[in-house]
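Working notes, structure below.
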Amino acid sequence: ETPVIEKLNVTGRKLDPQKICGLGTLVKGTIDAVDVELAGTIVKREPLDWLNLAKVHARADKLTVLGEKFTNIAMCVNRSDDGQKCRPRKDYLDADDLAQCEAGKKTGFCAVATATRDGGGIVGATVARLPATKKGTTTTPPRLTGTVAASGVPVAILEQLLTPAPAPVPGAKTPPKPPAAPFAAGGVASMTLHLEGSPEAPQATGAVQLLRTWV
């Protein structure tokens with residue numbers, strides 16, 4: 001008989017993001033609240049498939065991400081109230097993003113996030129994973145869809161994203177210094193990226209607007 005989680009609620013308060021797997025030293029500060037509800041069958045799943053079982057709301061009043069300070073950070077996964085809690089603006093969305101988000105909640109997942117940069121700029125994302133579909137003898141694999149947008153974000157963040165993190169040294173008390181950035185740039189940028197492709201090989205199309213920028 002397949003084990004089933006009927007309902008499991010997990011609540012966290014005042015969490016250190018550096019102790020959360022995958023975040024490491026990229027995020028500093030305090031995650032003020034995390035509320036997770038799990039329900040569904042326990043079977044062997046790919047990591048992303050576990051999000052199908054979850055409803056998540058996380059928020060932080062302020063965090064430092066890649067050295068930049070952000071406030072009013074919120075993330076929702078499969079929440080019916082994600083528009084209220086995690087999507088304060090909709091102007092960056094495609095015409096079908098909201099419908100695909102609702103479809104993802106039923107058979108995949110939909111994640112919504114927002115954050116405001118202290119020095120100006122807003123980041124917003126609505127990302128859905130839609131299930132595989134079959135039409136006749138043709139099967140379309142699971143796919144990602146949605147939009148990620150940022151306005152007034154420092155171009156310097158791109159340097160940190162493009163610079164690979166050095167491997168940790170066993171026994172070292174401090175992490176090794178990262179290598180020199182691949183390029184030097186300054187100013188701010190705005191971008192809107194529309195997601196497509198499989199979860200294993202996501203793709204994005206869109207535009208990046210450089211404002212008061214030097215390279």
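Letters A, B, ... go to the chains of the structure tokens in the order shown; residues in each chain start at 1; ligands are counted from 1 in the same order.
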Write out as a tab-separated table the residues of segment 72-168 of chain A that have any atom within 9 Å of an atom of segment 47-68 of chain A, one row each with the nearest atom pair and its distance in Å to one decimal, counting only C-alpha atoms, sorted by chain and then rising number.
residue	atom	partner	partner_atom	distance
A:Asn72	CA	A:Asp61	CA	4.9
A:Ile73	CA	A:Ala60	CA	5.1
A:Ala74	CA	A:Arg59	CA	4.3
A:Met75	CA	A:Ala58	CA	5.2
A:Cys76	CA	A:His57	CA	4.6
A:Val77	CA	A:Val56	CA	4.9
A:Asn78	CA	A:Lys55	CA	5.1
A:Arg79	CA	A:Lys55	CA	5.8
A:Asp82	CA	A:His57	CA	8.4
A:Lys85	CA	A:His57	CA	8.3
A:Cys86	CA	A:His57	CA	8.5
A:Gly104	CA	A:Asn52	CA	8.6
A:Lys105	CA	A:Asn52	CA	7.4
A:Lys106	CA	A:Asn52	CA	8.1
A:Thr107	CA	A:Asn52	CA	6.9
A:Gly108	CA	A:Asn52	CA	5.2
A:Phe109	CA	A:Asn52	CA	5.4
A:Cys110	CA	A:Leu51	CA	8.8
A:Ala111	CA	A:Val56	CA	8.9
A:Arg117	CA	A:Glu68	CA	7.4
A:Asp118	CA	A:Glu68	CA	8.0
A:Gly119	CA	A:Glu68	CA	8.7
A:Arg129	CA	A:Leu48	CA	8.9
A:Pro154	CA	A:Glu68	CA	8.7
A:Ile157	CA	A:Leu66	CA	7.0
A:Gln160	CA	A:Leu66	CA	7.1
A:Leu161	CA	A:Leu66	CA	8.4
How would the residues just picked look written out with N, CA and C atoms as a CSV table (one decimal), in the first residue's frame?
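Done, and the output landed in selection.csv:
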chain,number,residue,atom,x,y,z
A,72,ASN,N,10.8,43.5,1.8
A,72,ASN,CA,9.4,43.0,1.4
A,72,ASN,C,9.6,41.8,0.5
A,73,ILE,N,10.4,40.8,0.9
A,73,ILE,CA,10.5,39.6,0.1
A,73,ILE,C,9.5,38.6,0.5
A,74,ALA,N,8.9,38.0,-0.5
A,74,ALA,CA,7.8,37.0,-0.3
A,74,ALA,C,7.9,35.9,-1.4
A,75,MET,N,7.5,34.7,-1.1
A,75,MET,CA,7.4,33.6,-2.0
A,75,MET,C,6.3,32.7,-1.7
A,76,CYS,N,5.5,32.4,-2.7
A,76,CYS,CA,4.4,31.5,-2.6
A,76,CYS,C,4.5,30.3,-3.5
A,77,VAL,N,4.1,29.1,-3.1
A,77,VAL,CA,4.1,28.0,-4.0
A,77,VAL,C,2.7,27.3,-3.8
A,78,ASN,N,2.0,27.2,-4.9
A,78,ASN,CA,0.7,26.6,-5.0
A,78,ASN,C,-0.3,27.2,-4.0
A,79,ARG,N,-0.3,28.5,-3.8
A,79,ARG,CA,-1.2,29.1,-2.9
A,79,ARG,C,-2.3,29.8,-3.7
A,82,ASP,N,-1.8,33.7,-3.7
A,82,ASP,CA,-0.5,34.2,-4.1
A,82,ASP,C,-0.5,35.6,-4.7
A,85,LYS,N,-0.5,37.8,-1.5
A,85,LYS,CA,0.7,37.8,-0.6
A,85,LYS,C,2.0,37.9,-1.4
A,86,CYS,N,2.1,37.5,-2.6
A,86,CYS,CA,3.4,37.4,-3.3
A,86,CYS,C,3.4,38.1,-4.7
A,104,GLY,N,-0.9,25.0,-13.2
A,104,GLY,CA,0.3,24.3,-12.6
A,104,GLY,C,0.0,23.9,-11.1
A,105,LYS,N,-0.9,24.7,-10.4
A,105,LYS,CA,-1.2,24.4,-9.1
A,105,LYS,C,-2.0,23.0,-9.0
A,106,LYS,N,-2.7,22.7,-10.1
A,106,LYS,CA,-3.5,21.5,-10.0
A,106,LYS,C,-2.7,20.2,-10.4
A,107,THR,N,-1.7,20.3,-11.3
A,107,THR,CA,-1.0,19.1,-11.8
A,107,THR,C,0.5,19.3,-11.8
A,108,GLY,N,1.0,20.4,-11.3
A,108,GLY,CA,2.5,20.6,-11.3
A,108,GLY,C,2.8,21.5,-10.1
A,109,PHE,N,3.2,22.7,-10.4
A,109,PHE,CA,3.4,23.7,-9.3
A,109,PHE,C,3.4,25.0,-10.0
A,110,CYS,N,3.1,26.1,-9.1
A,110,CYS,CA,3.3,27.5,-9.5
A,110,CYS,C,3.9,28.2,-8.4
A,111,ALA,N,5.1,28.8,-8.7
A,111,ALA,CA,5.8,29.6,-7.7
A,111,ALA,C,5.7,31.1,-8.0
A,117,ARG,N,14.3,46.2,-4.0
A,117,ARG,CA,15.7,46.6,-3.7
A,117,ARG,C,15.7,47.9,-3.0
A,118,ASP,N,16.5,47.9,-1.9
A,118,ASP,CA,16.6,49.1,-1.1
A,118,ASP,C,17.0,50.4,-2.0
A,119,GLY,N,17.9,50.3,-2.9
A,119,GLY,CA,18.3,51.4,-3.7
A,119,GLY,C,17.5,51.7,-4.9
A,129,ARG,N,5.2,25.0,-13.5
A,129,ARG,CA,5.6,23.7,-14.2
A,129,ARG,C,4.3,23.0,-14.6
A,154,PRO,N,21.0,46.4,-10.2
A,154,PRO,CA,22.4,46.8,-10.6
A,154,PRO,C,23.0,45.7,-11.6
A,157,ILE,N,25.3,42.9,-10.3
A,157,ILE,CA,24.9,41.5,-9.9
A,157,ILE,C,25.2,40.5,-10.9
A,160,GLN,N,28.4,38.7,-10.4
A,160,GLN,CA,28.4,37.7,-9.3
A,160,GLN,C,27.7,36.4,-9.8
A,161,LEU,N,26.6,36.6,-10.6
A,161,LEU,CA,25.9,35.4,-11.1
A,161,LEU,C,26.8,34.7,-12.1
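The two atoms in question, atom CA of Gly146 of chain A and atom CA of Leu210 of chain A, are spaced 22.5 Å apart.
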Exercise for the section: Excluding segment 8-21 of chain A and any residue of its chain fewer than 2 positions from it, enumerate the residues within 7 Å of it, using only C-alpha atoms, and give them as a list in words. Expected result: Ile5, Glu6, Leu23, Gly24, Thr25, Val27, Lys28, Gly29, Thr30, Ile31, Asp32, Ala33, Val34, Asp35, Val36, Glu37, Leu38 and Ala39 of chain A
Just to be explicit: take each residue in the selection above, keep N, CA, C and O atoms, and write the result as a PDB file, in the first residue's frame.
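In the end it all went to selection05.pdb:
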ATOM      1  N   ILE A   5       0.460  11.111   2.857  1.00  0.00           N
ATOM      2  CA  ILE A   5       0.410  12.202   3.831  1.00  0.00           C
ATOM      3  C   ILE A   5      -0.954  12.871   3.686  1.00  0.00           C
ATOM      4  O   ILE A   5      -1.240  13.481   2.650  1.00  0.00           O
ATOM      5  N   GLU A   6      -1.802  12.717   4.670  1.00  0.00           N
ATOM      6  CA  GLU A   6      -3.120  13.357   4.593  1.00  0.00           C
ATOM      7  C   GLU A   6      -2.992  14.869   4.748  1.00  0.00           C
ATOM      8  O   GLU A   6      -3.567  15.629   3.971  1.00  0.00           O
ATOM      9  N   LEU A  23      21.338  27.614  -0.237  1.00  0.00           N
ATOM     10  CA  LEU A  23      21.487  29.069  -0.172  1.00  0.00           C
ATOM     11  C   LEU A  23      22.904  29.474   0.223  1.00  0.00           C
ATOM     12  O   LEU A  23      23.428  30.470  -0.267  1.00  0.00           O
ATOM     13  N   GLY A  24      23.530  28.718   1.113  1.00  0.00           N
ATOM     14  CA  GLY A  24      24.914  28.991   1.489  1.00  0.00           C
ATOM     15  C   GLY A  24      25.111  30.429   1.913  1.00  0.00           C
ATOM     16  O   GLY A  24      24.370  30.975   2.727  1.00  0.00           O
ATOM     17  N   THR A  25      26.114  31.076   1.333  1.00  0.00           N
ATOM     18  CA  THR A  25      26.419  32.463   1.683  1.00  0.00           C
ATOM     19  C   THR A  25      25.795  33.448   0.699  1.00  0.00           C
ATOM     20  O   THR A  25      26.066  34.640   0.775  1.00  0.00           O
ATOM     21  N   VAL A  27      22.671  34.295   0.522  1.00  0.00           N
ATOM     22  CA  VAL A  27      21.611  35.056   1.179  1.00  0.00           C
ATOM     23  C   VAL A  27      21.951  35.222   2.647  1.00  0.00           C
ATOM     24  O   VAL A  27      22.314  34.262   3.333  1.00  0.00           O
ATOM     25  N   LYS A  28      21.856  36.455   3.141  1.00  0.00           N
ATOM     26  CA  LYS A  28      22.119  36.738   4.543  1.00  0.00           C
ATOM     27  C   LYS A  28      20.941  37.506   5.133  1.00  0.00           C
ATOM     28  O   LYS A  28      20.282  38.272   4.443  1.00  0.00           O
ATOM     29  N   GLY A  29      20.703  37.286   6.424  1.00  0.00           N
ATOM     30  CA  GLY A  29      19.614  37.974   7.089  1.00  0.00           C
ATOM     31  C   GLY A  29      18.756  36.997   7.852  1.00  0.00           C
ATOM     32  O   GLY A  29      19.232  35.977   8.355  1.00  0.00           O
ATOM     33  N   THR A  30      17.466  37.294   7.919  1.00  0.00           N
ATOM     34  CA  THR A  30      16.525  36.450   8.651  1.00  0.00           C
ATOM     35  C   THR A  30      15.260  36.253   7.826  1.00  0.00           C
ATOM     36  O   THR A  30      14.666  37.229   7.347  1.00  0.00           O
ATOM     37  N   ILE A  31      14.874  34.998   7.641  1.00  0.00           N
ATOM     38  CA  ILE A  31      13.581  34.695   7.034  1.00  0.00           C
ATOM     39  C   ILE A  31      12.558  34.716   8.161  1.00  0.00           C
ATOM     40  O   ILE A  31      12.586  33.876   9.055  1.00  0.00           O
ATOM     41  N   ASP A  32      11.663  35.681   8.136  1.00  0.00           N
ATOM     42  CA  ASP A  32      10.775  35.905   9.276  1.00  0.00           C
ATOM     43  C   ASP A  32       9.752  34.799   9.478  1.00  0.00           C
ATOM     44  O   ASP A  32       9.438  34.445  10.613  1.00  0.00           O
ATOM     45  N   ALA A  33       9.222  34.250   8.392  1.00  0.00           N
ATOM     46  CA  ALA A  33       8.183  33.227   8.549  1.00  0.00           C
ATOM     47  C   ALA A  33       8.164  32.300   7.349  1.00  0.00           C
ATOM     48  O   ALA A  33       8.311  32.739   6.211  1.00  0.00           O
ATOM     49  N   VAL A  34       7.983  31.011   7.623  1.00  0.00           N
ATOM     50  CA  VAL A  34       7.781  30.003   6.585  1.00  0.00           C
ATOM     51  C   VAL A  34       6.641  29.103   7.038  1.00  0.00           C
ATOM     52  O   VAL A  34       6.665  28.573   8.161  1.00  0.00           O
ATOM     53  N   ASP A  35       5.645  28.942   6.195  1.00  0.00           N
ATOM     54  CA  ASP A  35       4.523  28.056   6.474  1.00  0.00           C
ATOM     55  C   ASP A  35       4.373  27.074   5.319  1.00  0.00           C
ATOM     56  O   ASP A  35       4.216  27.495   4.159  1.00  0.00           O
ATOM     57  N   VAL A  36       4.456  25.785   5.622  1.00  0.00           N
ATOM     58  CA  VAL A  36       4.410  24.743   4.608  1.00  0.00           C
ATOM     59  C   VAL A  36       3.295  23.761   4.944  1.00  0.00           C
ATOM     60  O   VAL A  36       3.157  23.335   6.101  1.00  0.00           O
ATOM     61  N   GLU A  37       2.515  23.405   3.937  1.00  0.00           N
ATOM     62  CA  GLU A  37       1.490  22.371   4.082  1.00  0.00           C
ATOM     63  C   GLU A  37       1.751  21.301   3.028  1.00  0.00           C
ATOM     64  O   GLU A  37       1.887  21.601   1.844  1.00  0.00           O
ATOM     65  N   LEU A  38       1.855  20.047   3.468  1.00  0.00           N
ATOM     66  CA  LEU A  38       2.115  18.931   2.568  1.00  0.00           C
ATOM     67  C   LEU A  38       0.954  17.959   2.592  1.00  0.00           C
ATOM     68  O   LEU A  38       0.377  17.681   3.650  1.00  0.00           O
ATOM     69  N   ALA A  39       0.615  17.429   1.411  1.00  0.00           N
ATOM     70  CA  ALA A  39      -0.429  16.410   1.307  1.00  0.00           C
ATOM     71  C   ALA A  39      -0.235  15.647   0.005  1.00  0.00           C
ATOM     72  O   ALA A  39       0.059  16.253  -1.036  1.00  0.00           O
TER      73      ALA A  39
END
Fill in the blank from the handout: Judged by only C-alpha atoms, the minimum distance to Thr192 of chain A among A:Leu93, A:Val127, A:Ala115, A:Ala99 is found for A:Leu93
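Nearest-residue note for Ser151 of chain A: choosing from A:Ala95, A:Ala207, A:Val123, A:Ala103, the minimum distance belongs to A:Val123, counting only C-alpha atoms.
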Fill in the blank from the handout: Here atom CA of Ala113 of chain A and atom CA of Pro88 of chain A stand apart by 9.5 Å
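For Ile42 of chain A, the non-local neighbours within 9 Å, defined as residues at least 6 positions apart in the same chain or in other chains and counting only C-alpha atoms, are Thr2, Pro3, Val4 and Ile5 of chain A.
The spacing separating atom CA of Arg143 of chain A from atom CA of Glu196 of chain A amounts to 6.6 Å.
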Handout entry: Picked from segment 26-129 of chain A by DSSP as strand (DSSP E or B), as a PyMOL selection string
Key = chain A and resi 27-29+31-41+54-65+68-77+109-117+122-129
Kindly save the residues from that selection, with C-alpha atoms included, as a compact mmCIF listing (two decimals), in the first residue's frame.
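Dumped everything to again.txt:
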# COMPACT_ATOMS: atom_id res chain seq x y z
CA VAL A 27 21.61 35.06 1.18
CA LYS A 28 22.12 36.74 4.54
CA GLY A 29 19.61 37.97 7.09
CA ILE A 31 13.58 34.69 7.03
CA ASP A 32 10.78 35.90 9.28
CA ALA A 33 8.18 33.23 8.55
CA VAL A 34 7.78 30.00 6.59
CA ASP A 35 4.52 28.06 6.47
CA VAL A 36 4.41 24.74 4.61
CA GLU A 37 1.49 22.37 4.08
CA LEU A 38 2.12 18.93 2.57
CA ALA A 39 -0.43 16.41 1.31
CA GLY A 40 -0.21 13.52 -1.15
CA THR A 41 1.30 10.11 -1.80
CA ALA A 54 3.32 21.48 -1.15
CA LYS A 55 1.70 24.78 -0.38
CA VAL A 56 4.29 27.28 0.81
CA HIS A 57 4.37 30.87 1.98
CA ALA A 58 7.67 32.42 3.03
CA ARG A 59 8.40 36.06 3.81
CA ALA A 60 11.25 38.23 5.01
CA ASP A 61 11.18 41.91 5.86
CA LYS A 62 14.78 42.32 4.67
CA LEU A 63 17.54 40.14 3.24
CA THR A 64 20.90 40.66 1.59
CA VAL A 65 21.17 38.71 -1.68
CA GLU A 68 22.40 43.74 -2.41
CA LYS A 69 19.81 44.66 0.21
CA PHE A 70 16.16 43.77 -0.48
CA THR A 71 12.99 44.34 1.50
CA ASN A 72 9.43 42.97 1.42
CA ILE A 73 10.55 39.57 0.12
CA ALA A 74 7.82 36.98 -0.31
CA MET A 75 7.45 33.62 -2.04
CA CYS A 76 4.36 31.49 -2.57
CA VAL A 77 4.07 27.97 -3.99
CA PHE A 109 3.36 23.67 -9.33
CA CYS A 110 3.28 27.45 -9.53
CA ALA A 111 5.79 29.61 -7.67
CA VAL A 112 5.34 33.36 -7.25
CA ALA A 113 7.93 35.71 -5.74
CA THR A 114 8.54 39.41 -5.18
CA ALA A 115 11.21 41.64 -3.64
CA THR A 116 12.06 45.34 -3.54
CA ARG A 117 15.65 46.55 -3.71
CA ILE A 122 11.60 45.59 -8.06
CA VAL A 123 11.90 41.88 -8.80
CA GLY A 124 8.88 39.74 -9.61
CA ALA A 125 8.40 36.17 -10.85
CA THR A 126 5.54 33.84 -11.71
CA VAL A 127 6.84 30.41 -12.74
CA ALA A 128 4.74 27.33 -13.42
CA ARG A 129 5.61 23.72 -14.19
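These are the residues of segment 9-160 of chain A assigned alpha helix (DSSP H) by DSSP from backbone coordinates: Asp82, Gly83, Gln84, Lys85, Asp97, Leu98, Ala99, Gln100, Cys101, Glu102, Ala103, Gly104, Lys105, Lys106, Thr107, Ala156, Ile157, Leu158, Glu159 and Gln160 of chain A.
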